[in-house]
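Pasted below: structure25.tsv, TSV, C-alpha atoms.
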```
chain	number	residue	atom	x	y	z
A	1	MET	CA	-18.27	-20.65	-23.39
A	2	ARG	CA	-18.01	-19.85	-19.71
A	3	LYS	CA	-14.55	-18.37	-19.84
A	4	HIS	CA	-15.33	-16.00	-22.72
A	5	LYS	CA	-18.44	-14.75	-21.00
A	6	ARG	CA	-16.55	-14.01	-17.81
A	7	LYS	CA	-13.68	-12.40	-19.66
A	8	LYS	CA	-16.18	-10.01	-21.19
A	9	GLN	CA	-17.61	-9.26	-17.76
A	10	ILE	CA	-14.30	-8.46	-16.11
A	11	GLY	CA	-13.04	-6.54	-19.13
A	12	ALA	CA	-16.00	-4.19	-19.53
A	13	VAL	CA	-14.11	-1.04	-18.61
A	14	GLY	CA	-13.63	1.93	-20.89
A	15	GLY	CA	-10.06	2.64	-21.92
A	16	ASN	CA	-7.81	4.11	-24.58
A	17	GLU	CA	-5.71	2.18	-27.07
A	18	ASN	CA	-3.14	1.44	-24.36
A	19	GLY	CA	-5.73	-0.06	-22.04
A	20	PHE	CA	-5.65	2.80	-19.54
A	21	VAL	CA	-8.99	3.81	-18.13
A	22	THR	CA	-10.11	7.22	-19.40
A	23	ARG	CA	-13.30	7.81	-17.44
A	24	GLU	CA	-11.94	10.66	-15.33
A	25	SER	CA	-11.51	14.07	-16.97
A	26	ASP	CA	-10.15	17.20	-15.38
A	27	GLY	CA	-13.67	17.79	-14.12
A	28	GLY	CA	-13.63	14.32	-12.63
A	29	ARG	CA	-10.36	15.09	-10.86
A	30	LYS	CA	-11.79	18.25	-9.32
A	31	HIS	CA	-14.87	16.32	-8.28
A	32	LYS	CA	-12.73	13.65	-6.62
A	33	LEU	CA	-10.76	16.30	-4.71
A	34	THR	CA	-14.05	17.73	-3.46
A	35	VAL	CA	-15.39	14.31	-2.48
A	36	ILE	CA	-12.21	13.47	-0.55
A	37	HIS	CA	-12.21	16.82	1.23
A	38	GLN	CA	-15.86	16.47	2.22
A	39	ALA	CA	-15.30	12.90	3.41
A	40	LEU	CA	-12.38	14.00	5.59
A	41	ILE	CA	-14.28	16.81	7.34
A	42	ARG	CA	-17.46	14.85	8.01
A	43	ASP	CA	-18.02	13.69	11.57
A	44	PRO	CA	-17.62	10.77	11.64
A	45	VAL	CA	-15.23	10.65	8.68
A	46	ASP	CA	-16.83	9.08	5.61
A	47	ILE	CA	-14.48	6.11	5.35
A	48	GLU	CA	-16.49	4.39	2.63
A	49	ALA	CA	-16.17	7.46	0.41
A	50	LEU	CA	-12.42	7.52	1.04
A	51	ARG	CA	-12.16	3.83	0.16
A	52	ARG	CA	-14.02	4.38	-3.07
A	53	ALA	CA	-11.77	7.32	-3.93
A	54	ALA	CA	-8.59	5.36	-3.16
A	55	ALA	CA	-9.66	2.32	-5.17
A	56	GLY	CA	-11.34	4.25	-7.98
A	57	ASN	CA	-9.78	5.54	-11.16
A	58	GLY	CA	-6.56	7.46	-10.47
A	59	GLY	CA	-6.45	6.59	-6.78
A	60	LEU	CA	-5.67	9.41	-4.35
A	61	LEU	CA	-4.00	11.56	-7.03
A	62	THR	CA	-1.26	13.19	-4.89
A	63	ASP	CA	1.02	12.38	-1.99
A	64	GLU	CA	-0.52	15.27	-0.06
A	65	LEU	CA	-3.88	13.54	-0.18
A	66	ARG	CA	-2.28	10.22	0.72
A	67	ARG	CA	-0.85	11.79	3.86
A	68	LYS	CA	-4.40	12.70	4.86
A	69	VAL	CA	-6.30	9.62	3.68
A	70	TRP	CA	-3.95	6.68	4.32
A	71	PRO	CA	-4.07	7.14	8.13
A	72	LYS	CA	-7.86	7.22	8.03
A	73	LEU	CA	-7.98	4.00	6.03
A	74	LEU	CA	-6.00	2.36	8.84
A	75	ASN	CA	-7.79	4.08	11.74
A	76	ILE	CA	-4.73	6.05	12.88
A	77	ASN	CA	-5.00	9.21	14.97
A	78	VAL	CA	-2.45	11.58	13.46
A	79	TYR	CA	-2.21	13.52	16.71
A	80	LYS	CA	-1.15	10.50	18.75
A	81	LEU	CA	1.67	9.04	16.74
A	82	PRO	CA	4.35	6.86	18.32
A	83	PRO	CA	7.59	8.63	19.27
A	84	LYS	CA	10.69	8.34	17.14
A	85	PRO	CA	12.73	5.26	18.03
A	86	GLY	CA	15.75	5.72	20.24
A	87	ARG	CA	19.11	4.05	19.89
A	88	GLU	CA	17.99	1.19	22.09
A	89	VAL	CA	15.74	-0.16	19.33
A	90	ARG	CA	18.83	-1.57	17.61
A	91	GLU	CA	20.32	-3.17	20.69
A	92	ASN	CA	20.27	-6.97	20.84
A	93	HIS	CA	17.61	-7.28	18.17
A	94	LYS	CA	17.64	-10.69	16.52
A	95	ASP	CA	16.69	-9.28	13.10
A	96	TYR	CA	19.04	-6.31	13.13
A	97	ASN	CA	21.69	-7.71	10.78
A	98	GLN	CA	19.17	-8.98	8.21
A	99	VAL	CA	17.21	-5.74	8.25
A	100	VAL	CA	20.38	-3.71	7.69
A	101	LEU	CA	21.41	-5.95	4.78
A	102	ASP	CA	18.00	-5.61	3.13
A	103	VAL	CA	17.82	-1.86	3.62
A	104	ARG	CA	21.33	-1.36	2.24
A	105	ARG	CA	20.23	-3.23	-0.89
A	106	SER	CA	17.14	-1.08	-1.32
A	107	MET	CA	18.78	1.83	-3.16
A	108	LYS	CA	16.59	1.41	-6.25
A	109	ARG	CA	13.49	2.02	-4.13
A	110	PHE	CA	14.45	5.66	-3.60
A	111	PRO	CA	13.72	8.40	-6.17
A	112	LYS	CA	16.27	8.80	-8.92
A	113	GLY	CA	18.40	11.84	-8.35
A	114	MET	CA	17.90	11.92	-4.60
A	115	PRO	CA	21.14	13.09	-2.96
A	116	ALA	CA	23.10	10.24	-1.40
A	117	SER	CA	23.19	12.05	1.95
A	118	GLU	CA	19.41	12.31	2.07
A	119	ARG	CA	18.97	8.70	1.02
A	120	ALA	CA	21.38	7.62	3.77
A	121	VAL	CA	19.26	9.45	6.38
A	122	LEU	CA	16.10	7.78	5.09
A	123	GLN	CA	17.74	4.36	5.13
A	124	GLU	CA	18.67	4.82	8.78
A	125	GLN	CA	15.08	5.82	9.51
A	126	LEU	CA	13.88	2.77	7.60
A	127	ILE	CA	15.96	0.45	9.77
A	128	ASP	CA	14.57	2.05	12.92
A	129	ILE	CA	10.97	1.89	11.67
A	130	ILE	CA	11.17	-1.83	10.97
A	131	LEU	CA	12.93	-2.69	14.23
A	132	GLU	CA	10.51	-0.55	16.23
A	133	VAL	CA	7.45	-2.30	14.83
A	134	LEU	CA	9.02	-5.71	15.43
A	135	LYS	CA	9.95	-4.71	18.97
A	136	ARG	CA	6.37	-3.62	19.63
A	137	ASN	CA	5.03	-6.92	18.27
A	138	PRO	CA	7.23	-9.84	19.39
A	139	GLN	CA	4.71	-12.27	17.90
A	140	LEU	CA	5.61	-11.02	14.41
A	141	HIS	CA	8.52	-12.37	12.39
A	142	TYR	CA	10.49	-10.33	9.88
A	143	TYR	CA	10.53	-11.49	6.28
A	144	GLN	CA	12.63	-10.34	3.35
A	145	GLY	CA	10.45	-7.95	1.39
A	146	TYR	CA	8.95	-6.33	4.49
A	147	HIS	CA	11.31	-3.41	3.97
A	148	ASP	CA	9.76	-2.80	0.55
A	149	VAL	CA	6.46	-2.03	2.23
A	150	ALA	CA	8.14	0.09	4.89
A	151	VAL	CA	10.09	2.24	2.44
A	152	THR	CA	6.98	3.04	0.42
A	153	LEU	CA	5.29	4.34	3.55
A	154	LEU	CA	8.38	6.27	4.66
A	155	LEU	CA	8.74	8.11	1.35
A	156	VAL	CA	5.15	9.33	1.56
A	157	VAL	CA	4.26	9.90	5.22
A	158	GLY	CA	7.52	10.22	7.14
A	159	GLU	CA	9.04	8.29	10.02
A	160	ARG	CA	6.53	8.40	12.88
A	161	MET	CA	3.47	7.94	10.71
A	162	SER	CA	5.23	5.04	8.98
A	163	ILE	CA	5.66	3.30	12.34
A	164	ALA	CA	1.95	3.65	13.08
A	165	MET	CA	0.88	2.50	9.61
A	166	LEU	CA	3.33	-0.39	9.42
A	167	ASP	CA	2.27	-1.55	12.89
A	168	THR	CA	-1.38	-1.72	11.82
A	169	LEU	CA	-0.63	-3.34	8.46
A	170	SER	CA	1.59	-5.93	10.13
A	171	ASN	CA	-1.21	-6.98	12.47
A	172	PHE	CA	-3.87	-7.13	9.81
A	173	HIS	CA	-3.18	-6.99	6.04
A	174	LEU	CA	0.34	-8.47	6.22
A	175	ARG	CA	-0.23	-10.72	9.22
A	176	ASP	CA	-0.11	-14.03	7.34
A	177	PHE	CA	3.35	-13.21	5.98
A	178	MET	CA	4.77	-12.66	9.46
A	179	ASP	CA	4.46	-16.17	10.86
A	180	PRO	CA	7.61	-18.12	11.77
A	181	THR	CA	7.08	-20.31	8.67
A	182	MET	CA	5.83	-19.63	5.14
A	183	ASP	CA	2.82	-21.91	5.51
A	184	SER	CA	0.35	-19.05	5.85
A	185	THR	CA	1.93	-17.21	2.92
A	186	LYS	CA	1.60	-20.31	0.76
A	187	HIS	CA	-2.02	-20.54	1.83
A	188	ILE	CA	-2.69	-17.05	0.46
A	189	LEU	CA	-0.89	-17.89	-2.79
A	190	ASN	CA	-3.13	-20.93	-3.12
A	191	TYR	CA	-6.07	-18.63	-3.88
A	192	LEU	CA	-4.52	-17.70	-7.23
A	193	MET	CA	-5.11	-20.87	-9.23
A	194	PRO	CA	-8.80	-21.25	-8.29
A	195	ILE	CA	-9.45	-17.72	-9.55
A	196	LEU	CA	-7.74	-18.52	-12.86
A	197	GLU	CA	-9.71	-21.74	-13.13
A	198	GLN	CA	-13.00	-19.90	-12.74
A	199	VAL	CA	-12.17	-17.36	-15.44
A	200	ASP	CA	-10.04	-19.26	-17.97
A	201	ALA	CA	-9.99	-23.01	-17.54
A	202	GLU	CA	-7.69	-23.44	-20.55
A	203	LEU	CA	-5.04	-21.10	-19.13
A	204	HIS	CA	-5.38	-22.76	-15.74
A	205	ASP	CA	-4.89	-26.23	-17.22
A	206	PHE	CA	-1.85	-25.06	-19.20
A	207	MET	CA	-0.21	-23.77	-16.02
A	208	ILE	CA	-1.05	-26.99	-14.19
A	209	ARG	CA	0.60	-29.04	-16.95
A	210	ALA	CA	3.65	-26.79	-16.81
A	211	GLU	CA	3.79	-27.34	-13.03
A	212	VAL	CA	4.69	-23.69	-12.62
A	213	GLY	CA	2.90	-23.31	-9.29
A	214	THR	CA	2.40	-19.84	-7.78
A	215	ILE	CA	5.85	-18.97	-6.43
A	216	PHE	CA	6.33	-16.50	-9.30
A	217	ALA	CA	3.82	-14.23	-7.54
A	218	LEU	CA	5.45	-14.42	-4.10
A	219	SER	CA	7.34	-11.13	-4.30
A	220	TRP	CA	4.26	-9.43	-5.76
A	221	LEU	CA	2.20	-10.46	-2.79
A	222	ILE	CA	4.50	-9.90	0.18
A	223	THR	CA	5.78	-6.49	-0.99
A	224	TRP	CA	2.48	-5.28	-2.44
A	225	TYR	CA	4.32	-5.16	-5.78
A	226	GLY	CA	6.78	-2.55	-4.47
A	227	HIS	CA	9.77	-4.79	-5.18
A	228	VAL	CA	8.89	-5.52	-8.81
A	229	LEU	CA	7.68	-2.17	-10.19
A	230	SER	CA	10.22	0.33	-11.45
A	231	GLU	CA	7.89	3.35	-11.45
A	232	PHE	CA	7.14	4.58	-7.94
A	233	ARG	CA	3.90	6.19	-9.14
A	234	HIS	CA	2.60	2.74	-10.06
A	235	THR	CA	3.53	1.43	-6.63
A	236	LEU	CA	1.69	4.29	-4.96
A	237	ARG	CA	-1.38	3.69	-7.10
A	238	LEU	CA	-1.48	0.05	-5.99
A	239	TYR	CA	-0.98	1.01	-2.34
A	240	ASP	CA	-3.99	3.31	-2.59
A	241	PHE	CA	-5.96	0.34	-3.89
A	242	PHE	CA	-4.74	-2.22	-1.38
A	243	LEU	CA	-5.11	0.04	1.66
A	244	ALA	CA	-8.76	0.51	0.73
A	245	SER	CA	-9.42	-3.16	0.02
A	246	HIS	CA	-9.63	-6.66	1.45
A	247	PRO	CA	-6.25	-8.21	2.42
A	248	LEU	CA	-6.56	-10.72	-0.44
A	249	MET	CA	-6.88	-8.05	-3.13
A	250	PRO	CA	-3.17	-8.33	-4.11
A	251	ILE	CA	-3.79	-11.95	-5.11
A	252	TYR	CA	-6.81	-10.94	-7.20
A	253	LEU	CA	-4.63	-8.39	-8.93
A	254	ALA	CA	-2.07	-11.11	-9.56
A	255	ALA	CA	-4.81	-13.12	-11.26
A	256	THR	CA	-5.72	-10.20	-13.52
A	257	ILE	CA	-2.06	-9.78	-14.50
A	258	VAL	CA	-1.77	-13.45	-15.46
A	259	LEU	CA	-5.07	-13.29	-17.37
A	260	HIS	CA	-3.92	-10.12	-19.12
A	261	ARG	CA	-0.87	-12.04	-20.37
A	262	GLU	CA	-2.85	-15.09	-21.40
A	263	LYS	CA	-1.62	-15.15	-25.01
A	264	GLU	CA	2.02	-14.80	-23.96
A	265	VAL	CA	1.66	-17.62	-21.48
A	266	LYS	CA	-0.03	-20.00	-23.91
A	267	GLN	CA	2.54	-19.27	-26.61
A	268	THR	CA	5.36	-20.17	-24.23
A	269	GLU	CA	6.72	-23.69	-24.13
A	270	CYS	CA	4.75	-25.70	-21.58
A	271	ASP	CA	7.71	-26.00	-19.26
A	272	MET	CA	8.00	-24.96	-15.63
A	273	ALA	CA	11.21	-22.95	-16.04
A	274	MET	CA	9.99	-21.16	-19.17
A	275	VAL	CA	6.59	-20.21	-17.81
A	276	HIS	CA	8.01	-19.19	-14.43
A	277	HIS	CA	10.59	-16.96	-16.13
A	278	LEU	CA	7.88	-15.26	-18.18
A	279	LEU	CA	5.47	-14.66	-15.33
A	280	SER	CA	8.01	-13.64	-12.72
A	281	HIS	CA	8.97	-10.58	-14.78
A	282	ILE	CA	6.12	-8.05	-14.75
A	283	PRO	CA	5.95	-5.78	-17.81
A	284	GLN	CA	6.36	-2.16	-16.79
A	285	ASP	CA	3.69	-0.90	-19.18
A	286	LEU	CA	0.71	-2.75	-17.72
A	287	PRO	CA	-2.69	-0.97	-17.85
A	288	TYR	CA	-2.95	-0.65	-14.09
A	289	GLU	CA	-6.28	1.16	-13.94
A	290	LEU	CA	-7.89	-1.48	-16.13
A	291	LEU	CA	-6.38	-4.31	-14.09
A	292	ILE	CA	-7.54	-2.72	-10.83
A	293	CYS	CA	-11.10	-2.56	-12.14
A	294	GLN	CA	-10.88	-6.17	-13.24
A	295	ALA	CA	-9.49	-7.26	-9.87
A	296	GLN	CA	-12.47	-5.62	-8.16
A	297	ASP	CA	-14.83	-7.44	-10.53
A	298	LEU	CA	-13.14	-10.76	-9.83
A	299	PHE	CA	-13.39	-10.17	-6.09
A	300	GLU	CA	-17.13	-9.57	-6.40
A	301	GLN	CA	-17.69	-12.59	-8.65
A	302	PHE	CA	-15.47	-14.99	-6.73
A	303	PRO	CA	-15.13	-13.75	-3.14
A	304	PRO	CA	-12.69	-15.45	-0.76
A	305	SER	CA	-15.55	-17.21	1.01
A	306	LEU	CA	-16.48	-18.95	-2.25
A	307	LEU	CA	-12.90	-19.89	-3.13
A	308	ALA	CA	-12.20	-21.10	0.41
A	309	LYS	CA	-14.71	-23.94	-0.05
A	310	ARG	CA	-12.16	-25.72	-2.15
A	311	ALA	CA	-10.44	-28.57	-0.32
A	312	ALA	CA	-6.96	-27.09	-0.89
A	313	LEU	CA	-7.97	-23.91	0.96
A	314	GLN	CA	-9.88	-25.42	3.86
A	315	SER	CA	-6.96	-26.81	5.82
A	316	ARG	CA	-5.63	-23.49	7.12
A	317	LYS	CA	-7.16	-20.36	8.58
A	318	SER	CA	-5.89	-16.97	7.48
A	319	LEU	CA	-5.43	-14.44	10.29
A	320	SER	CA	-5.59	-11.56	7.80
A	321	ILE	CA	-8.92	-12.74	6.43
A	322	SER	CA	-10.50	-13.70	9.74
A	323	SER	CA	-9.65	-10.35	11.37
A	324	PHE	CA	-10.61	-8.14	8.43
A	325	GLN	CA	-14.30	-7.68	9.25
A	326	ALA	CA	-13.55	-6.44	12.76
A	327	PHE	CA	-10.80	-4.18	11.41
A	328	HIS	CA	-13.14	-2.82	8.74
A	329	LEU	CA	-15.80	-1.96	11.33
A	330	SER	CA	-13.24	-0.31	13.61
A	331	THR	CA	-12.45	2.31	10.95
A	332	LEU	CA	-16.03	3.56	10.55
A	333	HIS	CA	-16.30	5.84	13.58
A	334	GLN	CA	-13.30	8.14	13.28
A	335	ARG	CA	-13.45	11.84	14.08
A	336	PRO	CA	-12.09	14.38	11.55
A	337	ASP	CA	-8.61	15.72	12.21
A	338	SER	CA	-9.92	19.14	13.27
A	339	VAL	CA	-11.87	17.48	16.10
A	340	LEU	CA	-8.98	15.20	17.03
A	341	GLN	CA	-6.69	18.20	17.28
A	342	ARG	CA	-9.08	20.01	19.63
A	343	LEU	CA	-9.51	16.92	21.77
A	344	THR	CA	-5.76	16.41	21.96
A	345	ARG	CA	-5.22	20.00	23.05
A	346	ALA	CA	-8.04	19.73	25.57
A	347	GLN	CA	-6.25	16.75	27.09
A	348	GLY	CA	-3.22	18.91	27.72
A	349	TYR	CA	-1.04	17.75	24.84
A	350	THR	CA	0.56	19.86	22.16
A	351	THR	CA	0.67	19.11	18.48
A	352	SER	CA	4.46	19.02	18.55
A	353	ARG	CA	4.38	16.27	21.16
A	354	HIS	CA	1.80	13.90	19.70
A	355	GLY	CA	0.90	15.42	16.37
A	356	LEU	CA	2.08	15.31	12.82
A	357	GLU	CA	5.79	14.91	12.68
A	358	ALA	CA	8.58	17.00	11.27
A	359	SER	CA	12.06	15.56	11.04
A	360	PRO	CA	14.14	17.63	8.61
A	361	PRO	CA	17.91	17.33	8.68
A	362	ALA	CA	19.49	19.36	11.47
A	363	ALA	CA	20.97	21.88	9.05
A	364	ARG	CA	17.54	23.12	7.99
A	365	GLY	CA	15.54	22.21	11.09
A	366	GLN	CA	16.13	25.49	12.94
A	367	LEU	CA	15.30	27.57	9.89
A	368	TRP	CA	12.09	25.62	9.45
A	369	ARG	CA	11.01	26.15	13.06
A	370	GLU	CA	11.68	29.89	12.87
A	371	GLY	CA	9.53	30.29	9.79
A	372	ASN	CA	6.96	27.67	10.66
A	373	ARG	CA	4.19	29.98	11.83
A	374	MET	CA	4.49	32.34	8.88
A	375	MET	CA	4.65	29.38	6.50
A	376	LYS	CA	1.43	27.94	7.92
A	377	MET	CA	-0.34	31.27	7.46
A	378	ALA	CA	0.92	31.51	3.89
A	379	VAL	CA	-0.14	27.99	2.99
A	380	TRP	CA	-3.57	28.38	4.57
A	381	GLY	CA	-3.99	31.61	2.64
A	382	LEU	CA	-3.00	29.94	-0.59
A	383	SER	CA	-5.33	27.06	0.14
A	384	ALA	CA	-8.26	29.40	0.59
A	385	THR	CA	-7.43	31.27	-2.60
A	386	LEU	CA	-6.30	28.53	-4.92
A	387	GLY	CA	-8.07	25.48	-3.55
A	388	ALA	CA	-6.87	22.25	-5.10
A	389	ALA	CA	-4.16	23.98	-7.10
A	390	VAL	CA	-2.03	24.49	-4.02
A	391	PHE	CA	-1.79	20.75	-3.59
A	392	ALA	CA	0.11	20.50	-6.87
A	393	VAL	CA	2.51	23.23	-5.75
A	394	ALA	CA	3.06	21.57	-2.41
A	395	GLN	CA	3.48	18.18	-4.03
A	396	THR	CA	6.21	19.44	-6.36
A	397	ALA	CA	8.02	21.38	-3.65
A	398	MET	CA	7.95	18.67	-1.03
A	399	ASP	CA	8.33	15.43	-2.96
A	400	TRP	CA	11.31	14.42	-0.85
A	401	GLY	CA	10.20	16.01	2.41
A	402	PRO	CA	6.94	14.45	3.63
A	403	ASP	CA	7.82	15.15	7.24
A	404	LEU	CA	8.08	18.84	6.48
A	405	ILE	CA	4.81	19.23	4.67
A	406	LEU	CA	3.01	17.16	7.28
A	407	GLN	CA	3.74	19.79	9.89
A	408	LEU	CA	2.04	22.42	7.79
A	409	PHE	CA	-1.35	20.76	7.95
```
Transcribe the structure of this file into structure tokens.
Amino acid sequence: MRKHKRKKQIGAVGGNENGFVTRESDGGRKHKLTVIHQALIRDPVDIEALRRAAAGNGGLLTDELRRKVWPKLLNINVYKLPPKPGREVRENHKDYNQVVLDVRRSMKRFPKGMPASERAVLQEQLIDIILEVLKRNPQLHYYQGYHDVAVTLLLVVGERMSIAMLDTLSNFHLRDFMDPTMDSTKHILNYLMPILEQVDAELHDFMIRAEVGTIFALSWLITWYGHVLSEFRHTLRLYDFFLASHPLMPIYLAATIVLHREKEVKQTECDMAMVHHLLSHIPQDLPYELLICQAQDLFEQFPPSLLAKRAALQSRKSLSISSFQAFHLSTLHQRPDSVLQRLTRAQGYTTSRHGLEASPPAARGQLWREGNRMMKMAVWGLSATLGAAVFAVAQTAMDWGPDLILQLF
């Protein structure tokens, strides 16, 4: 049968008994680190290699690598970041009250054990980041769930880089969600059922009879799963994947999750409320690497251009989809950071003015500045001696201080 053949095709990925892909050994990890490093120093930067690394097994491995690769995936010059927002960003902003409410409710998105004082500082930064991007782009409309994307960026890359990344994402990958109505968002959700129909007609028909629709996947889509996953490492792995992929990839992943739970769905009473309740709660032990591979396979087998031929998907044009090709091409001619730094200095700017940010709390800011030069020399020395191992040390030491570690490199 057609569906069994295609299931075999999208499931042909090696894994252990838990469904997690096991193709990458320690040797594979070292090889990936080398590939990423070489891609970053090439001129122009090898963006395709970085995309493959981000989407491939294990993703970008560490937050330190994410701080280097994520900006490249979005064509961001790390030496010309936007300035930190001033107080005026909060004045007379129509979305201020809603943003504050959403951010105040986002406590679970911060690492467990983070001191309340540090979380409070980050929440204030999060409010400013969101309002700054909206202020820069008056054509964009805030939606609940937008802060889930913003906080993921903030926890990894810091305040100024988050503004730059969120600005780009909002104008491209997330653009359809930022219309004044949800019509464009519904249009993206409408891609889900045709994918299921192509792979498993029986499951598709069951869901049609149950009249469950696709609203169960709404929060998955508009937050890039950040709102529904309890483990931050899983969220980061998916962000690696989505940043390196087509804007519709989150909906392809949604299809693989539903297909993965096929037996559960079919064993549920064919009732809208029952099926919606089941699907709207994502299991926290999903085999993410396997599902990512399957989502890539589905995208290749049933690309958006093929699915869009369906009558239900022809009536509306997606801004995210239509602008992706131009965005993709714009990322292919970036200079490595070492060149960008020299060019920035040649133009009369300093790294502290336009470069990688550092925004530690005031109590430790002065101490950091005094020891900054010696710290750089020490880290560079360690890097030369230990290679990839220093990344693990830096990752452990700076988990909650991305702004600090960014200034080192």
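Of note, CA of Val156 (chain A) and CA of Phe232 (chain A) are spaced 10.8 Å apart.
We find CA of Arg104 (chain A) and CA of Gln144 (chain A) to be spaced 12.6 Å apart.
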*Please indicate the distance in Å from CA of Lys32 (chain A) to CA of Arg237 (chain A), rounded to one decimal place.*
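Spanning CA of Lys32 (chain A) to CA of Arg237 (chain A) is a straight-line distance of 15.1 Å.
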*Residues at most 10 Å from Met107 (chain A), counting all atoms listed in the file, excluding those fewer than 5 positions away in the same chain, as JSON, numbers by chain?*
{"A": [102, 112, 116, 119, 120, 123]}
Can you list, as a short mmCIF file (atom, residue, chain, number, x, y, z; two decimals) with C-alpha atoms, in the frame of the given file, every protein, DNA or RNA residue that comes within 10 Å of Thr152 (chain A) when you count all atoms listed in the file, leaving out same-chain residues fewer than 2 positions away?
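New file part.cif:
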```cif
data_model
loop_
_atom_site.label_atom_id
_atom_site.label_comp_id
_atom_site.auth_asym_id
_atom_site.auth_seq_id
_atom_site.Cartn_x
_atom_site.Cartn_y
_atom_site.Cartn_z
CA ARG A 109 13.49 2.02 -4.13
CA PHE A 110 14.45 5.66 -3.60
CA LEU A 126 13.88 2.77 7.60
CA HIS A 147 11.31 -3.41 3.97
CA ASP A 148 9.76 -2.80 0.55
CA VAL A 149 6.46 -2.03 2.23
CA ALA A 150 8.14 0.09 4.89
CA LEU A 154 8.38 6.27 4.66
CA LEU A 155 8.74 8.11 1.35
CA VAL A 156 5.15 9.33 1.56
CA VAL A 157 4.26 9.90 5.22
CA GLY A 158 7.52 10.22 7.14
CA SER A 162 5.23 5.04 8.98
CA THR A 223 5.78 -6.49 -0.99
CA TRP A 224 2.48 -5.28 -2.44
CA GLY A 226 6.78 -2.55 -4.47
CA PHE A 232 7.14 4.58 -7.94
CA THR A 235 3.53 1.43 -6.63
CA LEU A 236 1.69 4.29 -4.96
CA TYR A 239 -0.98 1.01 -2.34
#
```
*Top pick for closest residue to Pro247 (chain A), considering A:Pro303, A:Pro194, A:Gly56, A:Gly213 and counting only C-alpha atoms*: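 Of the candidates, the smallest distance to Pro247 (chain A) is held by A:Pro303.
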*Using all atoms listed in the file, find the one residue out of A:Phe206, A:Tyr191, A:Phe324, A:Phe302 that sits nearest to Lys266 (chain A).*
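Closest candidate: A:Phe206.
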Centre and size of axis-aligned box enclosing region 118-128 of chain A plus 4 Å each side, as AutoDock Vina command-line options:
```
--center_x 17.6 --center_y 6.4 --center_z 7.0 --size_x 15.5 --size_y 19.9 --size_z 19.9
```
*For region 83-94 of chain A, list every protein, DNA or RNA residue within 9 Å, evaluated using all atoms listed in the file, and leave out those in the same chain fewer than 5 positions away; present the list as a PyMOL selection string.*
chain A and resi 125+127-129+131-132+135+159-160+163+353-354
Each region 283-318 of chain A residue no farther than 9 Å from region 46-55 of chain A, nearest pair in Å, only C-alpha atoms, as a tab-separated table:
```
residue	atom	partner	partner_atom	distance
A:Ile292	CA	A:Ala55	CA	7.9
A:Cys293	CA	A:Ala55	CA	8.6
A:Gln296	CA	A:Ala55	CA	8.9
```
*Could you name the residues that touch Val228 (chain A) at 9 Å or less, counting all atoms listed in the file, but leaving out those on the same chain fewer than 2 positions away, as a list in words?*
Ser219, Trp220, Thr223, Tyr225, Gly226, Ser230, His281 and Ile282 of chain A
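The residue that comes closest to Phe172 (chain A), out of A:Thr62, A:Gln38, A:Gln301, A:Ser245 and on the basis of only C-alpha atoms, is A:Ser245.
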